[in-house]
Amino acid sequence: MSTNTSLFDVTAPNWNDIPQADVTGTASVQGDGSVSLPTSQGDLHIAFHAFGVRLRIGKQGQADYGLLVSTPDIIPADIVQSEQHTTLIAGDSKLVITHSPFTFELTQDNKTIQKTATDGHFVRRYRLPPLAKVDKGWLLSLELDTDEAVYGLGEKWGGLNKRGQLVRSYNHDALGVNAEISYKNTPFCWSPSGWGVFVHTPAPVTHAVGYATWSQRAYGVLVEDECLDMFLMHGEDGNAIINTYTDLTGKAPTPPVWSLGVILSKAYYKDVPELLATAKDVRDHKMPCDVITLDGRAWQDTDTRFAFEWDPKRFDDPAAVINKLKADNFKVCIWEYPLVSIQHPLFKEMAKKGWLLKDKRTGEAYQYQWDMSAFAEVLTPLPESGIVDFTHPDAYQFWMESHKPLFDLGVDMIKADFGEQVEDDNMLAHSGDSGDRLHNVYSFLYNKCVYEAAEKYSKNGPFLFSRSAWTGSQRFPSQWGGDPQADWGGLGASIRGALSWGMSGAPYFATDVGGFFKDTRDQELFIRWSQAAVFSAHMRLHGIGQREPWSYGPQAEEAVNQALVLRYRLIPYIYNAMQQASNTSVPLMRAMPLAFPNDRVAAAFESQFMFGDDMLVAPCLKPGGEVEFYLPEGEWQRFPSEQTYQGGKVYNLTLGAQEMAVFVPKGKRIPLGPDVEHTDELTDQQPQISHYWPK
């Protein structure tokens, strides 16, 4: 029997070879109120909650790494059992299970929430096994109604509606935004029909969401873990289901106000004179900006990084550099990654203490070798390195505390890069996990450690930029979408990645404004990317090469500076939306199916979005200024001209270089703050409302 279910085989599985589970015994109530049901693949544990049901089968007791922040109350269930069926009733919820083969239907108030996929087959009753144990884990199949949409599953660059896609929840150093692979994943999705699925696991999960090679009418979930632990949720709409998911996995705190200002970066400022000259130019050009970033090579020696120390060849007095930037009203961001070069003494020190991932074959610290094909003139080859073992309590504490001197020096935020390097089954963690089971959760542990350092040591409030993320990483904001190609396709994909991540429970996101690689100094692209990024939770100008607006020419400087001025005026509005997000997890950039769940026409416009409650943004995604957008029912006013538009229609506009397609429902007012060049000009760095639009 062949049941190899690696990513390379799931495109064409042979379902005939996979035995389906059967119910083999009588259900019984456990001490915690859950129900245990014997099956041919082991005992299935069923727990009812106010939001739905939790199903667990397989090996219990493995490390879960604190992905859940709460254990929801269990609602006791009554059991009604017959020869062919077991029915569990808990309040208004009912789960009907058929015994041979195992199938189920979950209802709430007599409405079906989810059930086994009903895709039939001439040879067997079900095309996909309803529930099956396979070589690499567990398979469960769920029903999809005709044309039913499915959203979420992390930061993905393609269509927001995952229907028809094969998506794998597995973090990659994606080296761009042009493929299915991405940096931020979570096995959580939802449907506007009122159901959501969350697989509680650190392991990879493959989602065949109406993927026709499997079944165009089913959602097959392949969990590559020894335990299947799945929450099936119900809710009125996507916002309600996302709120439930983040009740389980954690809400994002409200970031400090200064983080809403512009973050300037490049790969990279080569020395102190270039860094300080850039900071001076920013102020001389009256460019609104709050943070300047020292990327990897900007402050670390590449051959010996990462060791929390400044490159002595360029920084003989780091404090003086930081103080100079502070004197010019800049916050300072520095880069890190969770690897230690074998060329630095810290490697041997951490290896001796068991604080690095170990090589199963030798018992010594694993020495990670980079794939050199990705490196070029700017992205220079990186040294063989050890990988910090965040599952080791002492290593975790050491890494967290090692940030204190940096924050004491005046650093304000950390850019936590990478975290996707645990790919080898020979890498063994202190927790006992290795390979795929450690791979995704490593990002979560890394994010958590560095954010806790910021919480403990930052003088201006904790804030983190991380590239790689997993379930629960929304608790350690914020995330950025890494490495887009500097072209129009890179802009469009970055916006979809932001919206998809927002539909997955993470409310804050930033893109690399201007694109990261293959920059051709396209001033129109830079203008449109900057204008779109005004309407994101955080705004960072970053890439290979300069990202200061004047570097693209006078027209770009004028148009982008105007956009940045607007960004700062919107700080009161943005901050209010962030406070809302921290309570409900509704993202700042809201895809149309989230903002208008009952408008099927709106759902088709996957590149436009609501920014907060009251601003509809239609980014310009192609040269020439043409933009097509849809306004839902009602009257809308264009911001800031106040021109009135009737909703329920599709419009086309051609935008001038300084124009944006932004609309507000008539009758709504947008709070605006004063014109400032940095948030230090705000009283106590708090949002200040100077007036409302429209007056």
# chains A, B, ... in the order shown; residues from 1 in each chain; ligands from 1

$ select_by_dssp --residues "segment 187-250 of chain A" --states "strand (DSSP E or B)" --output "count of residues only"
28

$ residues_around --residues "Phe398 of chain A" --least-positions-apart "3" --cutoff "12 Å" --atoms "only C-alpha atoms" --output "list in words"
Ala307, Phe308, Leu346, Glu349, Met350, Lys353, Trp355, Leu356, Val388, Asp389, Phe390, His392, Pro393, Asp394, Ala395, Glu401, Ser402, His403, Lys404, Cys449, Val450 and Ala453 of chain A

$ residues_around --residues "Ser690 of chain A" --least-positions-apart "3" --cutoff "9 Å" --atoms "only C-alpha atoms" --output "VMD selection string"
chain A and resid 569 671 to 674

$ write_last_selection --atoms "N, CA and C atoms" --output "PDB file, in the first residue's frame"
ATOM      1  N   ARG A 569      -1.265  62.744   9.089  1.00  0.00           N
ATOM      2  CA  ARG A 569      -2.568  63.322   9.450  1.00  0.00           C
ATOM      3  C   ARG A 569      -3.555  62.239   9.870  1.00  0.00           C
ATOM      4  N   PRO A 671     -11.253  61.555  11.518  1.00  0.00           N
ATOM      5  CA  PRO A 671     -10.423  62.422  12.365  1.00  0.00           C
ATOM      6  C   PRO A 671      -9.030  62.577  11.777  1.00  0.00           C
ATOM      7  N   LEU A 672      -8.547  63.797  11.739  1.00  0.00           N
ATOM      8  CA  LEU A 672      -7.234  64.088  11.182  1.00  0.00           C
ATOM      9  C   LEU A 672      -6.389  64.830  12.213  1.00  0.00           C
ATOM     10  N   GLY A 673      -5.107  64.519  12.207  1.00  0.00           N
ATOM     11  CA  GLY A 673      -4.183  65.168  13.122  1.00  0.00           C
ATOM     12  C   GLY A 673      -3.431  66.292  12.444  1.00  0.00           C
ATOM     13  N   PRO A 674      -2.508  66.903  13.169  1.00  0.00           N
ATOM     14  CA  PRO A 674      -1.742  68.030  12.623  1.00  0.00           C
ATOM     15  C   PRO A 674      -0.661  67.564  11.650  1.00  0.00           C
TER      16      PRO A 674
END

$ closest_atom_pairs --of "segment 500-614 of chain A" --to "segment 228-243 of chain A" --cutoff "6 Å" --atoms "only C-alpha atoms" --output "Markdown table"
| residue | atom | partner | partner_atom | distance |
| --- | --- | --- | --- | --- |
| A:Gly505 | CA | A:Ile242 | CA | 5.5 |
| A:Thr584 | CA | A:Asn243 | CA | 5.4 |
| A:Ser585 | CA | A:Asn243 | CA | 5.8 |
| A:Leu594 | CA | A:Gly238 | CA | 5.8 |

$ closest_atom_pairs --of "segment 173-274 of chain A" --to "segment 320-336 of chain A" --cutoff "10 Å" --atoms "only C-alpha atoms" --output "CSV"
residue,atom,partner,partner_atom,distance
A:Trp258,CA,A:Lys331,CA,8.2
A:Ser259,CA,A:Lys331,CA,9.0
A:Ile263,CA,A:Cys333,CA,8.6
A:Leu264,CA,A:Cys333,CA,9.4
A:Ser265,CA,A:Cys333,CA,9.1
A:Val272,CA,A:Val321,CA,7.4
A:Pro273,CA,A:Val321,CA,9.8

$ atom_distance --atom1 "atom CA of Tyr170 of chain A" --atom2 "atom CA of Pro204 of chain A"
5.3 Å

$ atom_distance --atom1 "atom CA of Trp636 of chain A" --atom2 "atom CA of Val662 of chain A"
9.8 Å

$ closest_residue --among "A:Ser70, A:Ser40, A:Gln474, A:Thr304" --to "Ile57 of chain A" --atoms "only C-alpha atoms"
A:Ser40

$ residues_around --residues "Ala203 of chain A" --least-positions-apart "2" --cutoff "7 Å" --atoms "only C-alpha atoms" --output "list of chain:residue names"
A:Thr201, A:Val205, A:Glu224, A:Asp225, A:Asp436, A:Arg437, A:Asn440

$ write_last_selection --atoms "N, CA, C and O atoms" --output "CSV table (one decimal), in the first residue's frame"
chain,number,residue,atom,x,y,z
A,201,THR,N,-1.7,22.8,15.6
A,201,THR,CA,-0.5,21.9,15.4
A,201,THR,C,0.6,22.9,15.1
A,201,THR,O,0.4,23.9,14.5
A,205,VAL,N,0.5,21.6,7.4
A,205,VAL,CA,-0.9,21.2,7.0
A,205,VAL,C,-1.1,21.5,5.5
A,205,VAL,O,-0.8,22.6,5.1
A,224,GLU,N,0.2,16.9,8.9
A,224,GLU,CA,1.4,16.1,9.0
A,224,GLU,C,1.9,16.0,10.4
A,224,GLU,O,3.0,16.4,10.7
A,225,ASP,N,1.1,15.4,11.3
A,225,ASP,CA,1.4,15.3,12.7
A,225,ASP,C,0.8,14.0,13.2
A,225,ASP,O,-0.1,13.4,12.6
A,436,ASP,N,10.0,18.8,10.5
A,436,ASP,CA,8.7,19.5,10.2
A,436,ASP,C,7.9,19.9,11.4
A,436,ASP,O,7.2,20.9,11.4
A,437,ARG,N,8.0,19.1,12.5
A,437,ARG,CA,7.2,19.5,13.6
A,437,ARG,C,7.8,20.7,14.3
A,437,ARG,O,7.1,21.4,15.1
A,440,ASN,N,7.7,25.2,11.6
A,440,ASN,CA,6.8,26.4,11.7
A,440,ASN,C,6.8,27.0,13.0
A,440,ASN,O,6.8,28.3,13.1

$ select_by_dssp --residues "segment 166-324 of chain A" --states "helix (DSSP H, G or I)" --output "PyMOL selection string"
chain A and resi 238-249+257-260+272-284+296-299+318-324

$ residues_around --residues "Gln546 of chain A" --least-positions-apart "5" --cutoff "10 Å" --atoms "only C-alpha atoms" --output "PyMOL selection string"
chain A and resi 264-269+278+514+519+521+541+551-552

$ write_last_selection --atoms "C-alpha atoms" --output "PDB file, in the first residue's frame"
ATOM      1  CA  LEU A 264      12.965  54.190   6.415  1.00  0.00           C
ATOM      2  CA  SER A 265      15.306  51.399   5.430  1.00  0.00           C
ATOM      3  CA  LYS A 266      17.503  49.970   2.701  1.00  0.00           C
ATOM      4  CA  ALA A 267      19.773  47.006   2.197  1.00  0.00           C
ATOM      5  CA  TYR A 268      21.966  48.554   3.396  1.00  0.00           C
ATOM      6  CA  TYR A 269      23.649  51.738   4.768  1.00  0.00           C
ATOM      7  CA  THR A 278      20.668  59.919   4.959  1.00  0.00           C
ATOM      8  CA  GLY A 514       9.153  50.255  -3.740  1.00  0.00           C
ATOM      9  CA  ASP A 519      14.642  47.930  -8.731  1.00  0.00           C
ATOM     10  CA  ARG A 521      14.036  53.319 -10.413  1.00  0.00           C
ATOM     11  CA  LEU A 541      10.247  52.113   2.642  1.00  0.00           C
ATOM     12  CA  SER A 551      16.179  59.353  -5.182  1.00  0.00           C
ATOM     13  CA  TYR A 552      13.408  58.647  -7.728  1.00  0.00           C
TER      14      TYR A 552
END
